[in-house]
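K.L.:
Before I ask anything, let me first share the structure, which is written out below as structure tokens.
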Amino acid sequence: MIPRLLLRLYPRGLRDEYGGEMEALIEARLARARARGVARLGVELARIAADATGTRMNSWRLAMRGRRTGRGGERMRMGTMLQDLRYAIRRLAKTPVFTGGAIAIMAIAIGANATVFTVVNELLLKPSPFGEPDRLVNVYQDSDDGEPNTTSFPAYRDMTAYDEVFASVAATSPDNVTLEMDGATESLAVEFTTASMMETLGMSVTRGRWFDPSMDVPGAGSYAVLSHHAWVNRFGRDPAIVGRTLRMNREPVTVIGVGPEGYNGIAGFLVTDAWLSISTTAIAGDFRVSNLERREDHWYDVKARLTEGASVESAQAAMNLLAGDLARDFPELNEGRRITVLSSNDVRVHPELDGVLMGASSALMGIVLLVLVLAATNLGSLLLVRGLARSSEVAVRRALGAGSGRVFGLFLSETLLLTSLGGAGGLLLTRWGLAVLERTRLPGPLSGQLDLNIDGRVLLFGLGIILITGITFGWAPAANSLRSGVAGALREAGRTASGGRWGSRLRNLLVSVQFAVSLVLVLGAGVAVQSLISFGRVDPGFEVERLAAARTSFFDAGMGDDERRIAAAQIIERMGAFPGVTDVAYAMRMPISGGGSTTSVVEGYDPQAGTGSVELDYNAVSWNFFRTVGLSVVDGRGFQEDDMYGDGDIIVVNETAARRFWGEGNAVGKRIRPQSAPDSWRTVIGVVEDHPVSSLSEAPTPIIYFVFGNTLAADPGGSGWRSAFPPNPIFLMRTEAAPESLIAPVRALFGEVNASLPIETRTLEAHLGNALEAPRMAALTMGLFSLMALTLASIGIYTIVSFTVAGRLPEIGIRLALGASRGRVVRMVVGEIAATVGIGLVLGGAVVLLVGSRVGDLVFGASILDPTALLSSVVVLASAVALASWLPARRAARADPVRALRG
Amino acid sequence: MSHADPKDRLPLKPAVFHILLALSNGARHGLGIADEVEAASDGVLTLGPGTLYRSLDEMRRDGLVERTAPPEGEADPRRKFYEITPEGRRLLRAEVTRYQRVLDAARDRDVVPERA
């Protein structure tokens with residue numbers, strides 16, 4: 001079966017003489033390849049297809065050469081090619097709708113494919129850049145939930161002692177610092193990294209040098225190694241960069257090197273701008289320094305290189321020993337906490353994220369592949385229709401003496417021209433898409449810059465598919481009319497342009513496939529849009545419309561604790577005097593931005609984990625915060641002005657915390673303390689209504705509120721219940737005017753208070769929009785692809801119906817002349833399309849049922865098998881099809897019977 | 001079409017040269033030729049069906065090879081056997097002589113690797 005099909009690829013002349021032998025040869029080759037595995041079989045198939053293409057090209061060349069003998073033949077051949085090309089350009093220019101449509105279809109399909117694949121490739125598929133990657137492992141300490149996670153720095157130090165399994169161990173911890181350059185301040189993504197990193201990864205710097213072990217101790221100077229990406233993109237490949245001193249977080253840091261090409265940090269696809277030595281930690285605050293000694297803070301990612309004889313298993317066994325030691329020495333912290341060793345080859349981003357990313361990526365790849373299939377069938381039907389319409393032209397050319405090579409040349413030049421234009425469009429779209437993605441900063445834990453490069457192979461793959469489609473469908477009708485001979489073709493061309501039975505079968509098949517694919521995509525869009533709508537409906541729990549926010553950094557302005565207090569008081573007072581402003585407050589964190597969490601002990605509550613402690617989100621706020629953001633106090637009281645800087649040791653909790661820890665109505669008077677400070681109990685004075693804590697889509701979680709100036713004094717840089725005035729507070733204003741109108745006066749105000757205060761203003765609505773960005777972008781992508789599908793399918797169906805109707809004009813003329821009503825004619829045409837579409841519906845439905853359960857999870861809980869979504873997408877698609885077939889049908893029915901008959 | 005002087009037709013196309021070489025010690029069918037060529041070139045040259053049969057077709061027309069009866073015991077009736085003609089052998093020898101001269105020149109310049 002397959003050898004015979006492959007044989008069909010070869011020119012007939014060769015087949016007639018050598019068909020049997022060639023088939024036997026192909027059979028033998030395939031059998032051999034199959035014995036060596038599926039991959040070999042694929043290679044052999046591709047090789048035979050290439051051989052067939054080459055052979056065909058050769059026989060055309062010979063055929064053309066044979067026809068033009070004598071001197072100047074070479075020039076004539078060039079002339080013919082140019083002539084063909086000019087003719088193709090003229091023909092394409094004459095039908096701008098067809099040309100534009102075809103180019104758009106190809107550009108979209110190729111562009112979408114290449115863009116998505118490039119991202120997925122960057123995220124998950126790219127081969128490891130490390131030396132001897134098989135010996136590289138990731139080591140994780142469990143999180144409190146028992147999942148493999150980041151590691152504490154002391155535990156990392158313990159791991160380095162296991163030198164029988166680890167040749168070297170390295171730890172790194174991502175952070176952000178400010179960089180002052182040319183008078184402007186920007187944010188840099190950095191990693192605090194041990195000197196062992198390069199050796200562990202098996203890489204080396206491209207300039208200067210990497211850290212040496214003396215830099216693993218805090219206070220031993222401040223050193224940075226820029227990532228190659230940052231050196232190229234931020235510093236313009238400055239050759240004198242090594243030795244320069246940069247100001248990071250207002251401290252001088254010396255650049256000693258530029259990192260390896262092809263590795264820009266632990267987060268893989270997210271670019272780290274610079275590595276900072278452990279000795280540099282002080283620039284990120286005392287807390288980062290003390291963190292190096294704290295076993296309760298798990299801030300570091302650990303990678304290790306196995307020794308020659310070691311395996312992942314033996315390393316795991318060694319780490320089990322270490323976990324046992326840690327549990328014995330620090331039972332409070334490490335009882336039951338495991339250490340996991342995974343081969344770096346098996347981990348792409350992070351074990352917990354990989355599954356999600358893989359799922360999302362494969363779904364996205366599936367979607368764009370569907371779009372490619374749709375585009376190919378679409379282009380196929382367009383070319384088929386166009387080719388069939390040209391059968392009379394072909395017949396005339398043949399009658400005038402054009403050989404099959406010449407006719408093919410005409411079709412080929414047109415298809416090649418179209419495909420190159422489509423490919424160029426695809427390339428442009430890809431570049432644009434990737435540029436947009438690179439500028440987009442991902443929200444949440446993945447925030448950072450993507451490093452994306454166009455993947456040429458994918459571009460070629462898309463182009464190849466389109467080219468094969470183009471040649472196949474562009475050539476098929478011409479081949480058909482060539483086969484029927486000159487006289488037959490002329491006769492047939494005069495009578496009808498429908499292309500005969502095989503032509504209409506092929507067309508119907510294409511329509512069915514298009515409909516099926518479109519159904520899947522439109523359904524996806526329906527579900528995505530549904531989830532988008534439900535996200536819009538999420539209640540943030542407080543009134544966001546009249547809130548404006550301004551963030552500043554007292555830290556960056558170099559202000560001490562007292563200065564911060566005074567400045568904050570000044571700012572609050574003057575903001576309150578702005579026209580329209582009714583309430584003002586400040587806080588350590590923006591509402592609904594998650595972040596701070598602290599290990600706490602709750603009086604009278606023993607969590608399931610048995611550790612006696614819980615992780616609690618917290619915020620520190622000024623006394624008027626709840627009123628300003630519009631949260632009402634449901635039990636006890638809120639903060640009052642004289643609570644600030646008082647010694648009440650008080651907190652406010654939200655409803656969820658109150659309910660979970662002590663039961664409804666029992667919270668006031670209960671106590672909470674940080675795990676690390678046994679005597680620092682604080683008393684709950686009130687309960688505020690629930691609201692989302694870190695993202696809009698989640699159910700409310702417990703959160704506790706401190707009032708400024710009343711955070712723990714007894715815990716210097718320890719638990720996160722810090723005494724100091726927060727370095728980067730956020731000021732909030734409730735206003736009766738439009739929040740946007742406050743931006744200019746607020747900027748002026750900050751400038752007057754302290755000229756070096758940086759400021760970032762936004763409305764709370766915009767902030768929440770940010771929180772919604774990730775799901776919104778996913779839904780939007782899905783929606784866009786589906787809209788594309790709908791458009792493509794409608795174009796395809798419209799083209800085919802118009803063409804079919806045009807071919808049937810004489811028949812319709814007879815029907816009209818014999819008294820058929822116009823409505824009847826329309827019904828007849830539309831009815832035939834409906835049957836074809838029915839088949840597509842069944843096909844598409846089957847696909848949906850098959851994959852539905854998998855795709856469902858990706859679109860935020862909304863199921864693709866939802867009957868409403870299913871029904872509405874069928875309706876949408878059917879309406880599009882009905883319109884696409886009704887328009888040409890009506891035109892046909894309006895035709896003058898006499899002219900139609902003469903047709 | 002037959003040429004008075006085989007030198008007019010040199011150098012041979014690689015496919016033609018290798019097919020002649022493969023047939024120089026006996027008749028073979030298509031797969032046999034392809035295998036022999038692949039083996040002789042250490043797997044560098046693989047003849048696809050199209051290349052092989054287009055070349056055979058040309059070579060038959062030029063009288064370099066011809067079809068011959070399959071040997072006893074050949075089971076697959078689809079397989080046709082080819083053998084080299086005296087004309088083909090003359091051409092092959094001429095081409096090999098040419099290679100020989102190239103090789104000599106190369107040896108003088110000390111760019112020929114020692115045989116392993």
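Here, A, B, ... name the chains of the structure tokens in the order displayed, residue numbers run from 1 inside each chain, and ligands are numbered from 1 in the same displayed order.
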Contacts from chain A to chain B, 9 Å maximum, only C-alpha atoms: show me the residue list as a list in words.

P.N.:
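Matching residues, ligands excluded from the count: Tyr10, Pro11, Leu14, Glu17, Tyr18, Gly19, Gly20, Glu21, Met22, Glu23, Ala24, Leu25, Ile26, Ala28, Arg29, Arg47, Ile48, Ala50, Asp51, Ala52, Thr53, Gly54, Thr55 and Arg56 of chain A.
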
K.L.:
Could you check the closest approach to B:Pro14 for each of B:Glu95, B:Ala27, B:Arg67, B:Asp62 and tell me which residue wins, using only C-alpha atoms?

P.N.:
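Among the listed residues, B:Glu95 lies closest to B:Pro14.
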
K.L.:
List every residue of stretch 32-88 of chain B that DSSP, applied to the backbone, labels as helix (DSSP H, G or I), and write the result as a list in words.

P.N.:
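Answer for stretch 32-88 of chain B, restricted to helix (DSSP H, G or I): Gly32, Ile33, Ala34, Asp35, Glu36, Val37, Glu38, Ala39, Ala40, Pro49, Gly50, Thr51, Leu52, Tyr53, Arg54, Ser55, Leu56, Asp57, Glu58, Met59, Arg60, Arg61, Pro86, Glu87 and Gly88 of chain B.
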
K.L.:
What's the separation between atom CA of A:Val805 and atom CA of A:Val829, in Å to one decimal place?

P.N.:
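These atoms are spaced 7.5 Å apart.
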
K.L.:
List the spatial neighbours of B:Leu12 as number ranges by chain - criterion: any atom at most 10 Å away, only C-alpha atoms, same-chain residues fewer than 2 positions off excluded.

P.N.:
B: 7, 9-10, 14-18, 91-92, 94-95

K.L.:
Based on the backbone DSSP call, show me all residues of stretch 29-85 of chain B assigned strand (DSSP E), as a PyMOL selection string.

P.N.:
chain B and resi 29+65-68+81-84

K.L.:
Please identify all polymer residues within 6 Å of stretch 269-285 of chain A, counting only C-alpha atoms, omitting same-chain residues fewer than 6 positions from it, and present them as a list in words.

P.N.:
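Residues meeting the cut-off are Leu123, Ala189, Val190, Glu191, Phe192, Thr193, Thr194, Met215, Asp216, Val217, Pro218, Gly219, Ala220, Gly221, Ser222, Tyr223, Ala224, Val225, Leu226, Ser227, Ala230, Gly448, Gln449 and Leu450 of chain A.
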
K.L.:
Excluding stretch 233-246 of chain A and its own-chain neighbours fewer than 2 positions away, which residues fall within 6 Å of it when counting only C-alpha atoms? Please give them as a list in words.

P.N.:
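That gives His229, Ala230, Trp231, Pro252, Val253, Thr254, Val255, Ile256 and Gly257 of chain A.
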
K.L.:
At what distance in Å, to one decimal, does atom CA of A:Leu870 lie from atom CA of A:Met828?

P.N.:
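Atom CA of A:Leu870 lies at a distance of 27.6 Å from atom CA of A:Met828.
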
K.L.:
With a distance cut-off of 6 Å and only C-alpha atoms, select the neighbouring residues of stretch 518-520 of chain A, excluding the residue or stretch itself and same-chain residues fewer than 3 positions from it, and output the selection as a PyMOL selection string.

P.N.:
chain A and resi 514-515+523+789+844

K.L.:
How far is it from atom CA of A:Arg551 to atom CA of A:Ser632, in Å with one decimal?

P.N.:
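Computing the Euclidean distance for atom CA of A:Arg551 and atom CA of A:Ser632 yields 23.9 Å.
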
K.L.:
Report as a list in words all protein, DNA and RNA residues lying within 9 Å of B:Gly26, evaluated on only C-alpha atoms, omitting residues in the same chain fewer than 2 positions from it.

P.N.:
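Residues near the query, excluding close chain neighbours: Ala22, Leu23, Ser24, Arg28, Tyr82, Glu83 and Ile84 of chain B.
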
K.L.:
Dump N, CA and C atoms for the selected residues as a CSV table (one decimal), in the first residue's frame?

P.N.:
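Output file part09.csv follows:
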```csv
chain,number,residue,atom,x,y,z
B,22,ALA,N,29.4,-1.0,-9.7
B,22,ALA,CA,28.7,-2.0,-9.0
B,22,ALA,C,28.4,-3.2,-10.0
B,23,LEU,N,28.2,-2.9,-11.3
B,23,LEU,CA,27.9,-4.0,-12.2
B,23,LEU,C,29.2,-4.7,-12.8
B,24,SER,N,30.3,-4.1,-12.5
B,24,SER,CA,31.5,-4.6,-13.1
B,24,SER,C,31.9,-6.0,-12.8
B,28,ARG,N,23.3,-7.5,-11.5
B,28,ARG,CA,22.5,-7.3,-10.3
B,28,ARG,C,21.2,-6.7,-10.6
B,82,TYR,N,20.4,-6.3,-14.4
B,82,TYR,CA,21.2,-5.5,-15.4
B,82,TYR,C,22.6,-6.0,-15.4
B,83,GLU,N,23.2,-5.9,-16.6
B,83,GLU,CA,24.6,-6.2,-16.7
B,83,GLU,C,25.3,-5.1,-17.5
B,84,ILE,N,26.6,-5.0,-17.3
B,84,ILE,CA,27.4,-4.0,-18.0
B,84,ILE,C,27.7,-4.4,-19.4
```
